[in-house]
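model-v1.cif (mmCIF, C-alpha atoms) appears below.
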```cif
data_input
loop_
_atom_site.label_atom_id
_atom_site.label_comp_id
_atom_site.auth_asym_id
_atom_site.auth_seq_id
_atom_site.Cartn_x
_atom_site.Cartn_y
_atom_site.Cartn_z
CA MET A 1 -15.09 -15.77 0.91
CA PHE A 2 -11.96 -14.82 -1.02
CA VAL A 3 -11.36 -11.06 -0.96
CA ASP A 4 -8.08 -9.88 -2.49
CA GLU A 5 -8.63 -6.12 -2.85
CA VAL A 6 -10.17 -3.48 -0.58
CA GLU A 7 -10.08 0.30 -0.24
CA ILE A 8 -9.87 1.70 3.26
CA ARG A 9 -8.97 4.88 5.13
CA VAL A 10 -6.43 4.90 7.93
CA GLU A 11 -6.12 7.65 10.53
CA ALA A 12 -3.20 7.42 12.92
CA GLY A 13 -3.68 8.73 16.45
CA ASN A 14 -3.20 12.39 17.30
CA GLY A 15 -0.59 13.38 19.84
CA GLY A 16 -1.77 14.33 23.31
CA ASP A 17 -1.92 18.03 24.25
CA GLY A 18 0.76 19.62 26.37
CA CYS A 19 -0.24 21.06 29.74
CA THR A 20 0.03 24.63 31.01
CA ALA A 21 0.57 24.50 34.77
CA PHE A 22 2.62 26.22 37.47
CA ARG A 23 4.13 25.21 40.80
CA ARG A 24 2.19 26.63 43.71
CA GLU A 25 3.71 24.96 46.77
CA LYS A 26 3.85 27.24 49.75
CA TYR A 27 7.58 26.84 50.33
CA VAL A 28 8.75 26.80 46.67
CA GLU A 29 9.71 30.36 45.86
CA MET A 30 8.97 31.54 42.30
CA GLY A 31 7.58 28.08 41.45
CA GLY A 32 7.70 28.40 37.67
CA PRO A 33 6.17 26.26 34.91
CA TYR A 34 5.11 22.72 35.76
CA GLY A 35 3.19 21.36 32.75
CA GLY A 36 4.11 18.01 31.17
CA ASN A 37 4.24 16.98 27.50
CA GLY A 38 1.54 15.01 25.73
CA GLY A 39 2.07 11.42 24.62
CA ARG A 40 2.58 10.29 21.01
CA GLY A 41 -0.45 9.03 19.10
CA SER A 42 -0.60 5.42 17.92
CA ASP A 43 0.99 4.37 14.63
CA ILE A 44 -1.01 2.12 12.32
CA ILE A 45 1.13 -0.90 11.44
CA PHE A 46 0.38 -3.66 8.94
CA LYS A 47 1.89 -7.02 9.92
CA VAL A 48 2.08 -10.27 7.95
CA ASP A 49 0.04 -13.15 9.34
CA GLU A 50 0.76 -16.36 7.42
CA GLY A 51 -2.51 -17.83 8.66
CA LEU A 52 -4.50 -15.31 6.63
CA HIS A 53 -5.20 -15.75 2.93
CA THR A 54 -7.86 -13.10 2.33
CA LEU A 55 -8.66 -9.47 3.18
CA LEU A 56 -12.16 -10.35 4.36
CA ASP A 57 -11.51 -8.79 7.80
CA LEU A 58 -10.86 -5.41 6.14
CA ARG A 59 -13.74 -5.52 3.67
CA TYR A 60 -16.30 -4.06 6.06
CA GLN A 61 -13.84 -1.94 8.04
CA LYS A 62 -13.94 1.26 6.02
CA THR A 63 -11.89 3.36 8.46
CA ILE A 64 -9.14 2.28 10.85
CA LYS A 65 -8.42 4.84 13.57
CA GLY A 66 -5.54 4.97 15.98
CA GLN A 67 -5.79 6.20 19.58
CA LYS A 68 -4.83 9.67 20.74
CA GLY A 69 -1.87 10.03 23.05
CA GLU A 70 -2.60 10.97 26.66
CA ASN A 71 -2.57 14.68 27.49
CA GLY A 72 0.23 16.05 29.66
CA LYS A 73 -0.58 16.88 33.28
CA GLY A 74 0.60 19.18 36.03
CA LYS A 75 3.63 18.35 38.18
CA ASN A 76 5.59 17.75 34.95
CA GLN A 77 3.74 14.49 34.31
CA HIS A 78 4.05 13.49 30.67
CA GLY A 79 1.13 11.79 28.95
CA ALA A 80 1.43 8.11 28.06
CA TYR A 81 2.08 7.05 24.48
CA ALA A 82 -0.90 5.44 22.77
CA GLU A 83 -0.49 1.75 21.94
CA ASN A 84 0.27 1.14 18.27
CA LEU A 85 -2.54 -0.42 16.24
CA ILE A 86 -1.49 -3.68 14.54
CA VAL A 87 -3.50 -4.74 11.46
CA LYS A 88 -2.84 -8.32 10.34
CA VAL A 89 -2.75 -8.98 6.60
CA PRO A 90 -1.87 -11.98 4.39
CA LEU A 91 1.61 -12.62 3.05
CA GLY A 92 1.98 -10.86 -0.31
CA THR A 93 -0.10 -7.79 0.58
CA VAL A 94 0.66 -4.57 -1.32
CA VAL A 95 -0.46 -1.21 0.12
CA THR A 96 -0.86 1.77 -2.22
CA ASP A 97 -1.70 5.39 -1.37
CA LEU A 98 -4.74 6.24 -3.51
CA ASP A 99 -4.03 9.99 -3.39
CA THR A 100 -0.40 9.83 -4.54
CA GLY A 101 -0.42 6.49 -6.41
CA LEU A 102 2.75 5.47 -4.54
CA VAL A 103 3.32 2.01 -3.11
CA ILE A 104 3.68 2.36 0.65
CA ALA A 105 4.57 -1.23 1.48
CA ASP A 106 5.08 -4.64 -0.11
CA LEU A 107 4.63 -7.17 2.69
CA SER A 108 6.29 -10.19 1.13
CA LYS A 109 8.35 -11.60 4.02
CA LYS A 110 7.45 -13.72 7.03
CA ASP A 111 6.43 -11.63 10.07
CA GLN A 112 7.21 -8.41 8.16
CA GLU A 113 5.61 -5.26 9.53
CA GLU A 114 5.46 -1.75 8.11
CA VAL A 115 4.31 1.57 9.54
CA ILE A 116 1.50 2.67 7.21
CA ALA A 117 0.51 5.89 9.02
CA LYS A 118 2.54 7.60 11.75
CA GLY A 119 0.94 8.92 14.89
CA GLY A 120 1.34 12.58 15.77
CA ARG A 121 3.91 13.68 18.34
CA GLY A 122 2.70 14.95 21.67
CA GLY A 123 2.43 18.68 22.26
CA ARG A 124 4.98 20.23 24.60
CA GLY A 125 3.95 21.47 28.03
CA ASN A 126 4.89 24.94 29.20
CA THR A 127 7.90 23.58 31.11
CA ALA A 128 9.53 22.84 27.76
CA PHE A 129 9.40 26.52 26.76
CA LYS A 130 11.14 27.88 29.83
CA THR A 131 14.21 29.99 28.98
CA GLN A 132 16.46 32.43 30.80
CA THR A 133 14.48 35.34 29.38
CA ASN A 134 11.04 33.71 29.74
CA THR A 135 11.03 31.89 33.05
CA ALA A 136 7.25 31.45 33.28
CA PRO A 137 5.79 30.76 29.79
CA ASP A 138 2.00 30.82 29.83
CA TYR A 139 1.43 28.55 26.83
CA SER A 140 1.75 24.97 25.65
CA GLU A 141 1.14 23.04 22.41
CA LYS A 142 -1.65 20.90 21.11
CA GLY A 143 -0.72 17.44 19.94
CA GLU A 144 0.25 16.94 16.30
CA GLU A 145 -2.34 15.32 14.07
CA GLY A 146 -1.69 11.73 13.00
CA GLU A 147 -1.32 10.90 9.33
CA LYS A 148 -4.50 10.23 7.36
CA LYS A 149 -4.40 8.20 4.15
CA ASN A 150 -6.77 6.60 1.67
CA LEU A 151 -5.38 3.21 0.74
CA LYS A 152 -5.81 0.39 -1.72
CA VAL A 153 -4.85 -2.89 -0.09
CA GLU A 154 -4.45 -5.89 -2.39
CA VAL A 155 -3.08 -9.39 -2.12
CA LYS A 156 -0.67 -10.51 -4.83
CA MET A 157 -0.01 -14.16 -4.14
CA LEU A 158 3.51 -15.42 -3.60
CA ALA A 159 3.89 -18.25 -6.11
CA ASP A 160 6.93 -19.36 -8.09
CA VAL A 161 5.00 -20.62 -11.12
CA GLY A 162 1.64 -19.48 -12.44
CA LEU A 163 -0.63 -21.70 -14.52
CA VAL A 164 -2.47 -19.56 -17.08
CA GLY A 165 -4.87 -20.44 -19.85
CA LEU A 166 -8.46 -20.19 -20.99
CA PRO A 167 -11.24 -21.91 -19.02
CA SER A 168 -11.49 -25.71 -19.16
CA VAL A 169 -7.94 -26.35 -20.44
CA GLY A 170 -7.10 -28.46 -17.37
CA LYS A 171 -5.25 -26.13 -15.00
CA SER A 172 -7.13 -27.30 -11.91
CA THR A 173 -6.64 -30.95 -12.85
CA ILE A 174 -2.90 -30.39 -13.28
CA ILE A 175 -2.44 -28.72 -9.88
CA SER A 176 -4.50 -31.46 -8.21
CA CYS A 177 -2.23 -34.12 -9.76
CA VAL A 178 1.14 -32.56 -8.86
CA SER A 179 0.27 -31.21 -5.38
CA ARG A 180 -2.13 -31.78 -2.51
CA SER A 181 -4.32 -28.89 -3.60
CA LYS A 182 -7.91 -30.02 -4.12
CA PRO A 183 -9.64 -27.45 -6.36
CA LYS A 184 -13.17 -27.93 -7.61
CA ILE A 185 -13.10 -29.64 -11.01
CA ALA A 186 -16.13 -29.73 -13.29
CA ALA A 187 -16.98 -29.65 -16.99
CA TYR A 188 -18.06 -26.01 -17.21
CA HIS A 189 -16.33 -22.65 -17.50
CA PHE A 190 -15.35 -20.67 -14.40
CA THR A 191 -15.45 -23.69 -12.13
CA THR A 192 -12.48 -22.17 -10.31
CA LEU A 193 -13.52 -18.88 -8.71
CA THR A 194 -10.44 -18.27 -6.56
CA PRO A 195 -6.71 -18.82 -7.15
CA ASN A 196 -5.45 -22.15 -5.85
CA LEU A 197 -1.95 -22.67 -4.44
CA GLY A 198 -0.13 -25.97 -4.22
CA VAL A 199 3.35 -27.00 -3.10
CA VAL A 200 5.03 -29.13 -5.78
CA LYS A 201 8.04 -31.40 -5.29
CA ALA A 202 10.49 -32.20 -8.10
CA SER A 203 12.41 -35.47 -8.48
CA SER A 204 15.52 -33.69 -7.14
CA GLY A 205 13.72 -32.97 -3.89
CA GLN A 206 13.33 -29.26 -4.64
CA SER A 207 9.89 -27.85 -3.88
CA PHE A 208 8.14 -24.72 -5.15
CA VAL A 209 4.72 -23.09 -5.09
CA LEU A 210 2.41 -23.45 -8.07
CA ALA A 211 -0.65 -21.23 -8.57
CA ASP A 212 -3.73 -22.04 -10.64
CA LEU A 213 -4.96 -18.65 -11.84
CA PRO A 214 -8.56 -18.75 -13.09
CA GLY A 215 -10.79 -16.59 -15.18
CA LEU A 216 -8.62 -15.59 -18.15
CA ILE A 217 -10.66 -14.97 -21.29
CA GLU A 218 -10.54 -12.44 -24.10
CA GLY A 219 -10.85 -8.98 -22.56
CA ALA A 220 -9.68 -10.16 -19.13
CA SER A 221 -7.31 -7.20 -18.78
CA LEU A 222 -10.31 -4.89 -19.31
CA GLY A 223 -12.53 -6.60 -16.77
CA GLU A 224 -14.19 -9.38 -18.73
CA GLY A 225 -14.84 -12.58 -16.81
CA LEU A 226 -12.68 -12.86 -13.70
CA GLY A 227 -9.38 -12.00 -15.35
CA ASP A 228 -8.82 -8.44 -14.16
CA LYS A 229 -9.42 -9.65 -10.61
CA PHE A 230 -6.80 -12.41 -10.75
CA LEU A 231 -4.21 -11.20 -13.25
CA ARG A 232 -2.46 -9.37 -10.39
CA HIS A 233 -1.54 -12.73 -8.87
CA ILE A 234 0.69 -13.51 -11.88
CA GLU A 235 2.88 -10.49 -11.18
CA ARG A 236 4.94 -12.20 -8.47
CA THR A 237 5.48 -15.47 -10.36
CA ARG A 238 8.92 -16.12 -11.81
CA VAL A 239 7.77 -18.53 -14.51
CA ILE A 240 4.52 -18.70 -16.47
CA ALA A 241 3.26 -22.16 -17.46
CA HIS A 242 0.81 -21.71 -20.32
CA VAL A 243 -1.71 -24.58 -20.37
CA ILE A 244 -3.29 -25.21 -23.77
CA ASP A 245 -6.04 -27.63 -24.78
CA MET A 246 -4.09 -29.09 -27.69
CA ALA A 247 -7.00 -31.33 -28.72
CA GLY A 248 -9.24 -28.30 -29.30
CA SER A 249 -12.00 -30.02 -27.33
CA GLU A 250 -13.72 -26.67 -26.75
CA MET A 251 -13.82 -26.05 -30.52
CA ARG A 252 -11.01 -23.50 -30.27
CA ASP A 253 -7.74 -23.27 -32.17
CA PRO A 254 -4.76 -23.93 -29.78
CA TYR A 255 -2.55 -21.30 -31.40
CA GLU A 256 -5.27 -18.65 -31.18
CA ASP A 257 -5.69 -19.52 -27.49
CA TYR A 258 -1.96 -19.01 -26.96
CA VAL A 259 -1.91 -15.62 -28.71
CA LEU A 260 -5.07 -14.45 -26.94
CA ILE A 261 -3.78 -15.16 -23.42
CA ASN A 262 -0.38 -13.58 -24.12
CA ASN A 263 -2.12 -10.47 -25.45
CA GLU A 264 -4.14 -10.23 -22.21
CA LEU A 265 -0.99 -10.62 -20.11
CA LYS A 266 0.73 -7.86 -22.08
CA ALA A 267 -2.30 -5.57 -21.89
CA PHE A 268 -2.44 -5.94 -18.11
CA ASN A 269 1.30 -5.48 -17.52
CA GLU A 270 3.96 -5.53 -20.22
CA LYS A 271 6.48 -7.05 -17.78
CA LEU A 272 4.40 -10.25 -17.62
CA ILE A 273 5.14 -11.15 -21.22
CA GLU A 274 8.88 -10.88 -20.47
CA LYS A 275 8.77 -13.64 -17.85
CA PRO A 276 10.17 -17.07 -18.82
CA GLN A 277 7.39 -19.22 -20.20
CA ILE A 278 6.81 -22.86 -21.00
CA ILE A 279 3.85 -24.43 -22.79
CA ILE A 280 1.97 -27.39 -21.34
CA ALA A 281 0.18 -29.10 -24.21
CA ASN A 282 -2.64 -30.80 -22.33
CA LYS A 283 -5.21 -33.42 -23.38
CA MET A 284 -2.72 -35.21 -25.62
CA ASP A 285 -4.69 -38.44 -25.06
CA LEU A 286 -7.59 -37.08 -27.15
CA PRO A 287 -8.03 -37.36 -30.95
CA GLU A 288 -6.50 -34.63 -33.16
CA ALA A 289 -4.11 -33.51 -30.39
CA LYS A 290 -1.01 -34.84 -32.21
CA GLU A 291 -1.94 -33.14 -35.49
CA ASN A 292 -2.71 -29.86 -33.75
CA LEU A 293 0.59 -30.03 -31.88
CA GLU A 294 2.59 -30.39 -35.11
CA GLU A 295 0.94 -27.27 -36.54
CA PHE A 296 1.41 -25.43 -33.26
CA LYS A 297 5.15 -26.16 -33.14
CA LYS A 298 5.59 -24.60 -36.59
CA LYS A 299 4.02 -21.35 -35.36
CA VAL A 300 5.72 -21.31 -31.94
CA PRO A 301 9.23 -22.72 -32.46
CA ASP A 302 11.04 -20.85 -29.67
CA VAL A 303 9.13 -21.93 -26.53
CA GLU A 304 9.57 -25.23 -24.70
CA ILE A 305 6.53 -27.47 -25.15
CA PHE A 306 5.66 -30.41 -22.90
CA GLU A 307 3.11 -33.02 -23.94
CA VAL A 308 0.90 -34.11 -21.04
CA SER A 309 -2.42 -35.65 -20.21
CA ALA A 310 -3.65 -34.41 -16.86
CA ALA A 311 -6.59 -36.85 -17.00
CA THR A 312 -4.21 -39.85 -17.08
CA ASN A 313 -1.35 -38.16 -15.17
CA GLN A 314 1.05 -38.64 -18.08
CA GLY A 315 4.08 -36.35 -18.57
CA LEU A 316 3.45 -34.12 -15.53
CA GLN A 317 6.56 -35.09 -13.54
CA LYS A 318 8.76 -34.06 -16.46
CA VAL A 319 7.10 -30.64 -16.43
CA VAL A 320 7.61 -30.27 -12.67
CA ASP A 321 11.29 -31.18 -12.95
CA ARG A 322 11.87 -28.68 -15.74
CA LEU A 323 10.12 -25.92 -13.79
CA ALA A 324 12.38 -26.64 -10.81
CA GLU A 325 15.45 -26.29 -13.07
CA LEU A 326 14.18 -22.97 -14.45
CA LEU A 327 13.56 -21.61 -10.97
CA ASP A 328 17.17 -22.40 -10.06
CA GLU A 329 18.31 -20.25 -12.97
CA ILE A 330 16.00 -17.28 -12.32
CA PRO A 331 16.83 -14.82 -9.51
CA GLN A 332 14.16 -13.89 -6.97
CA ASN A 333 13.64 -10.22 -7.75
CA PRO A 334 11.26 -8.11 -5.64
CA LEU A 335 7.97 -7.08 -7.21
CA TYR A 336 8.84 -3.40 -6.69
CA ASP A 337 12.27 -1.81 -6.64
CA GLU A 338 13.21 0.79 -4.06
CA SER A 339 12.37 3.71 -6.34
CA GLN A 340 8.75 2.50 -6.58
CA ILE A 341 8.20 2.12 -2.84
CA GLU A 342 7.49 5.29 -0.93
CA SER A 343 10.01 6.02 1.78
CA HIS A 344 7.85 6.87 4.78
CA VAL A 345 10.38 9.25 6.31
CA LEU A 346 11.05 11.04 3.04
CA TYR A 347 7.35 11.20 2.27
CA LYS A 348 6.38 12.64 5.65
CA PHE A 349 9.15 15.21 5.65
CA LYS A 350 9.50 15.75 1.90
CA LYS A 351 10.86 19.14 0.93
CA GLU A 352 8.17 21.52 -0.18
CA GLU A 353 7.31 25.19 0.11
CA PRO A 354 6.44 25.89 3.76
CA PHE A 355 3.56 28.12 2.68
CA THR A 356 1.72 29.62 -0.27
CA ILE A 357 -0.30 32.84 -0.29
CA THR A 358 -3.26 33.53 -2.59
CA LYS A 359 -5.75 36.39 -2.78
CA GLU A 360 -9.44 35.69 -3.25
CA ASP A 361 -11.86 37.87 -5.19
CA ASP A 362 -13.20 39.54 -2.04
CA GLY A 363 -9.68 40.66 -1.05
CA LEU A 364 -9.12 37.93 1.56
CA TRP A 365 -5.54 36.65 1.78
CA VAL A 366 -5.32 32.87 2.25
CA ILE A 367 -2.18 31.26 3.67
CA SER A 368 -1.85 27.49 3.13
CA GLY A 369 0.85 24.85 3.25
CA GLN A 370 1.64 21.73 5.25
CA GLU A 371 4.17 23.35 7.56
CA VAL A 372 2.25 26.54 8.41
CA GLU A 373 -0.97 24.56 8.94
CA ARG A 374 0.84 22.13 11.23
CA ILE A 375 2.14 25.00 13.34
CA PHE A 376 -1.34 26.53 13.53
CA LYS A 377 -3.02 23.27 14.54
CA MET A 378 -0.51 22.75 17.35
CA THR A 379 -0.92 26.29 18.73
CA LYS A 380 -3.29 26.87 21.64
CA LEU A 381 -4.65 30.37 21.03
CA SER A 382 -5.75 30.65 24.65
CA SER A 383 -3.42 33.38 25.85
CA GLU A 384 -1.90 36.57 24.48
CA GLU A 385 1.55 35.08 24.92
CA ALA A 386 0.61 32.07 22.74
CA ILE A 387 -0.81 34.36 20.03
CA TYR A 388 2.34 36.48 20.11
CA ARG A 389 4.50 33.36 19.76
CA PHE A 390 2.42 32.19 16.78
CA ALA A 391 2.75 35.61 15.09
CA LYS A 392 6.49 35.52 15.71
CA LYS A 393 6.74 32.13 14.00
CA LEU A 394 4.86 33.42 10.95
CA ARG A 395 7.21 36.38 10.76
CA LYS A 396 10.24 34.10 11.04
CA MET A 397 8.91 31.96 8.17
CA GLY A 398 8.78 35.07 5.98
CA ILE A 399 5.01 35.31 5.72
CA ASP A 400 4.85 38.98 6.79
CA ASP A 401 7.46 39.96 4.21
CA ARG A 402 5.70 37.97 1.49
CA LEU A 403 2.32 39.58 2.25
CA GLN A 404 3.95 43.01 2.04
CA GLU A 405 5.53 42.11 -1.33
CA LEU A 406 2.14 41.01 -2.66
CA GLY A 407 0.58 44.36 -1.71
CA ALA A 408 -1.26 43.51 1.51
CA GLU A 409 -2.37 46.60 3.43
CA VAL A 410 -2.89 47.17 7.13
CA GLY A 411 -6.38 45.97 8.06
CA ASP A 412 -6.66 43.36 5.27
CA GLN A 413 -8.13 40.06 6.42
CA VAL A 414 -5.90 36.98 6.41
CA ARG A 415 -7.03 33.36 6.83
CA ILE A 416 -5.20 30.18 7.84
CA LEU A 417 -7.62 27.24 7.71
CA ASP A 418 -10.65 28.54 9.69
CA PHE A 419 -8.75 31.23 11.63
CA TYR A 420 -9.11 34.87 10.53
CA PHE A 421 -6.96 37.79 11.62
CA ASP A 422 -6.09 41.31 10.44
CA TYR A 423 -2.80 42.08 8.76
CA LYS A 424 -0.63 44.49 10.74
CA ASP A 425 2.67 46.03 9.72
#
```

Can you present the structure in this file as structure tokens?
Amino acid sequence: MFVDEVEIRVEAGNGGDGCTAFRREKYVEMGGPYGGNGGRGSDIIFKVDEGLHTLLDLRYQKTIKGQKGENGKGKNQHGAYAENLIVKVPLGTVVTDLDTGLVIADLSKKDQEEVIAKGGRGGRGNTAFKTQTNTAPDYSEKGEEGEKKNLKVEVKMLADVGLVGLPSVGKSTIISCVSRSKPKIAAYHFTTLTPNLGVVKASSGQSFVLADLPGLIEGASLGEGLGDKFLRHIERTRVIAHVIDMAGSEMRDPYEDYVLINNELKAFNEKLIEKPQIIIANKMDLPEAKENLEEFKKKVPDVEIFEVSAATNQGLQKVVDRLAELLDEIPQNPLYDESQIESHVLYKFKKEEPFTITKEDDGLWVISGQEVERIFKMTKLSSEEAIYRFAKKLRKMGIDDRLQELGAEVGDQVRILDFYFDYKD
């Protein structure tokens, strides 16, 4: 089964918790803190596997979860890092964050791998908090939560040339003649249900990848037929080869076919219509093809037209050679430039307000924000010393001052996530 788009959720592993422990050996005077740090949670990494051509393995895997790092232990033993989770995907896979709309990764190179979600760092044990003024800290940290993301994963095939055209114009026959690809060929529409790739060799010895892209009809860009499913595979191609039934054997006008398909390409992505294009006038061995071609050339004078007959294998080598020449002239530009691909480091640590404070109708003050919530989640509220340290951090962030500016009074309730406490001056 060919599956080229799935939506999944990824949850990287949480960091292991730090340990609160003390030395208690009989002959170690004033033993001090002895708790180790937790291990880092597993990253979720997507890696290119050239043996894969479909996302079928991910179709029924709605959530991918990483492992939690090992908790720290006594005797200053640090927890082990969790093993990273490797997810194999086909070459040409694009990963998009559904919540932000940003492209996280474009896996278009052999053996390329990208960190899709970072695991949380391990919490520090109480040994890490020892200072000259606090020689026996009675607190440690919880592990940081791993990143959680909702993703769209789609395959956009890596092909140099894309064959486009309405059903039954001969695309599958052409690719079967010029390559070793063996698509299903039959005299009915939508015979081809999946894109076909073939390696083509020019007379000069140069080879390139040709894609037969099925399912384009009027309204394809809006979901009619199979077009919206397969139009994405044209995005990586450097040249578009427009196949037209010049004999009008399907009782259609060749020029109207040409305009219709170009309109669908433009509606799906305006950049597609800017790609170099040639026209393959197919079925020239049939009656009326010559007359139709003369009329067509008057209406489309600026595009190269090649007369072929895929059924008799006439004129195809000339097309292949010209496509090879065009590919030599056209640079290999990436599908996305750097500004479109989300920088993982910048995204994770992007500059934003460390907290926001709102007041609900019942007088409850609510503190939210990525940074303050992260600090709260990593705080073990199991000792007075830990609570005091947490309150000190809030004060250092300016939360106390901000609450006072907003008119908070002693005794007002304040909430961070599901934790409630009273405001004190």

task: Could you tell me how far CA of Val259 in chain A lies from CA of Met157 in chain A, in Å and to one decimal?
output: 24.7 Å

- request: With the file shown as input, list the residues that the PyMOL selection byres ((chain A and resi 64-81) around 7) selects, as an MDAnalysis selection string.
  value: chainID A and resid 9:19 21 34:44 61:63 82:83 85 122 125

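When all atoms listed in the file are used to measure the gap to Arg322 in chain A, the shortest distance among A:Gly369, A:Gln206, A:Asp212, A:Tyr420 belongs to A:Gln206.
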
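Distances from A:Val161, A:Leu166, A:Ala136, A:Val115 to Asn196 in chain A were compared using all atoms listed in the file, and the smallest one belongs to A:Val161.
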
Tell me which protein, DNA and RNA residues are within 8 Å of Val320 in chain A, counting all atoms listed in the file, leaving out same-chain ones fewer than 2 positions away, and put them as a compact mmCIF listing (two decimals) with C-alpha atoms, keeping the file's coordinate frame.
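Output file result_23.txt is given in full below:
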```
# COMPACT_ATOMS: atom_id res chain seq x y z
CA VAL A 178 1.14 -32.56 -8.86
CA VAL A 200 5.03 -29.13 -5.78
CA LYS A 201 8.04 -31.40 -5.29
CA ALA A 202 10.49 -32.20 -8.10
CA LEU A 316 3.45 -34.12 -15.53
CA GLN A 317 6.56 -35.09 -13.54
CA LYS A 318 8.76 -34.06 -16.46
CA ARG A 322 11.87 -28.68 -15.74
CA LEU A 323 10.12 -25.92 -13.79
CA ALA A 324 12.38 -26.64 -10.81
```

task: Can you pull out every residue within 8 Å of Gly165 in chain A, counting all atoms listed in the file, but drop anything in the same chain fewer than 6 positions away, and send it as a ChimeraX atom specification?
output: /A:171,214,216,242-244,257-258,261

- request: Would you write out, as a PyMOL selection string, every residue that the PyMOL selection byres ((chain A and resi 357) around 6) captures in this file?
  value: chain A and resi 356+358+366-367

Point-to-point distance from CA of Ile174 in chain A to CA of Val199 in chain A, Å rounded to tenths: 12.4 Å

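For the choices A:Lys392, A:Lys298, A:Arg238, A:Arg415, the atom-to-atom distance to Lys359 in chain A is smallest for A:Arg415 when using only C-alpha atoms.
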
statement: Nearest to Lys118 in chain A, restricted to all atoms listed in the file and choosing among A:Glu147, A:Glu405, A:Asp425, A:Asp285, comes out as A:Glu147

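For the atom pair formed by CA of Ser382 in chain A and CA of Thr20 in chain A, the distance is 10.5 Å, given to one decimal.
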
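The residue that comes closest to Ile175 in chain A, out of A:Leu107, A:Ile399, A:Leu197, A:Gln370 and on the basis of all atoms listed in the file, is A:Leu197.
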
- request: Starting from the shown file, work through the PyMOL selection byres ((chain A and resi 312) around 10) and note down what comes out as an MDAnalysis selection string.
  value: chainID A and resid 177 283:285 308:311 313:316

message: From the options A:Glu371, A:Asn150, A:Tyr255, A:Ile273, which residue's atoms come nearest to Val300 in chain A, counting only C-alpha atoms?
response: A:Tyr255

All residues 9 Å or closer to Ala105 in chain A, all atoms listed in the file, same chain fewer than 4 positions away omitted, as a ChimeraX atom specification: /A:46,93-96,114-116,341-342

- request: Take the point (-5.4, 37.4, 5.6) in the file's coordinates, draw a sphere of radius 9 Å around it, and report as a list of chain:residue names every protein, DNA or RNA residue with an atom inside or on it, counting all atoms listed in the file.
  value: A:Lys359, A:Gly363, A:Leu364, A:Trp365, A:Val366, A:Ile367, A:Leu403, A:Ala408, A:Gly411, A:Asp412, A:Gln413, A:Val414, A:Arg415, A:Ile416, A:Tyr420, A:Phe421, A:Asp422, A:Tyr423

message: Need to verify the contact set: Leu158 in chain A, 8 Å, only C-alpha atoms, exclusion of same-chain residues closer than 2 positions in sequence. Can you return it as a ChimeraX atom specification?
response: /A:91-92,108,156,160,209,233,236-237

- request: Excluding range 247-253 of chain A and residues on its chain fewer than 5 positions from it, collect all residues at most 12 Å away from it, counting only C-alpha atoms, and give them as a PyMOL selection string.
  value: chain A and resi 166-170+187-189+258-260+281-296+307-309
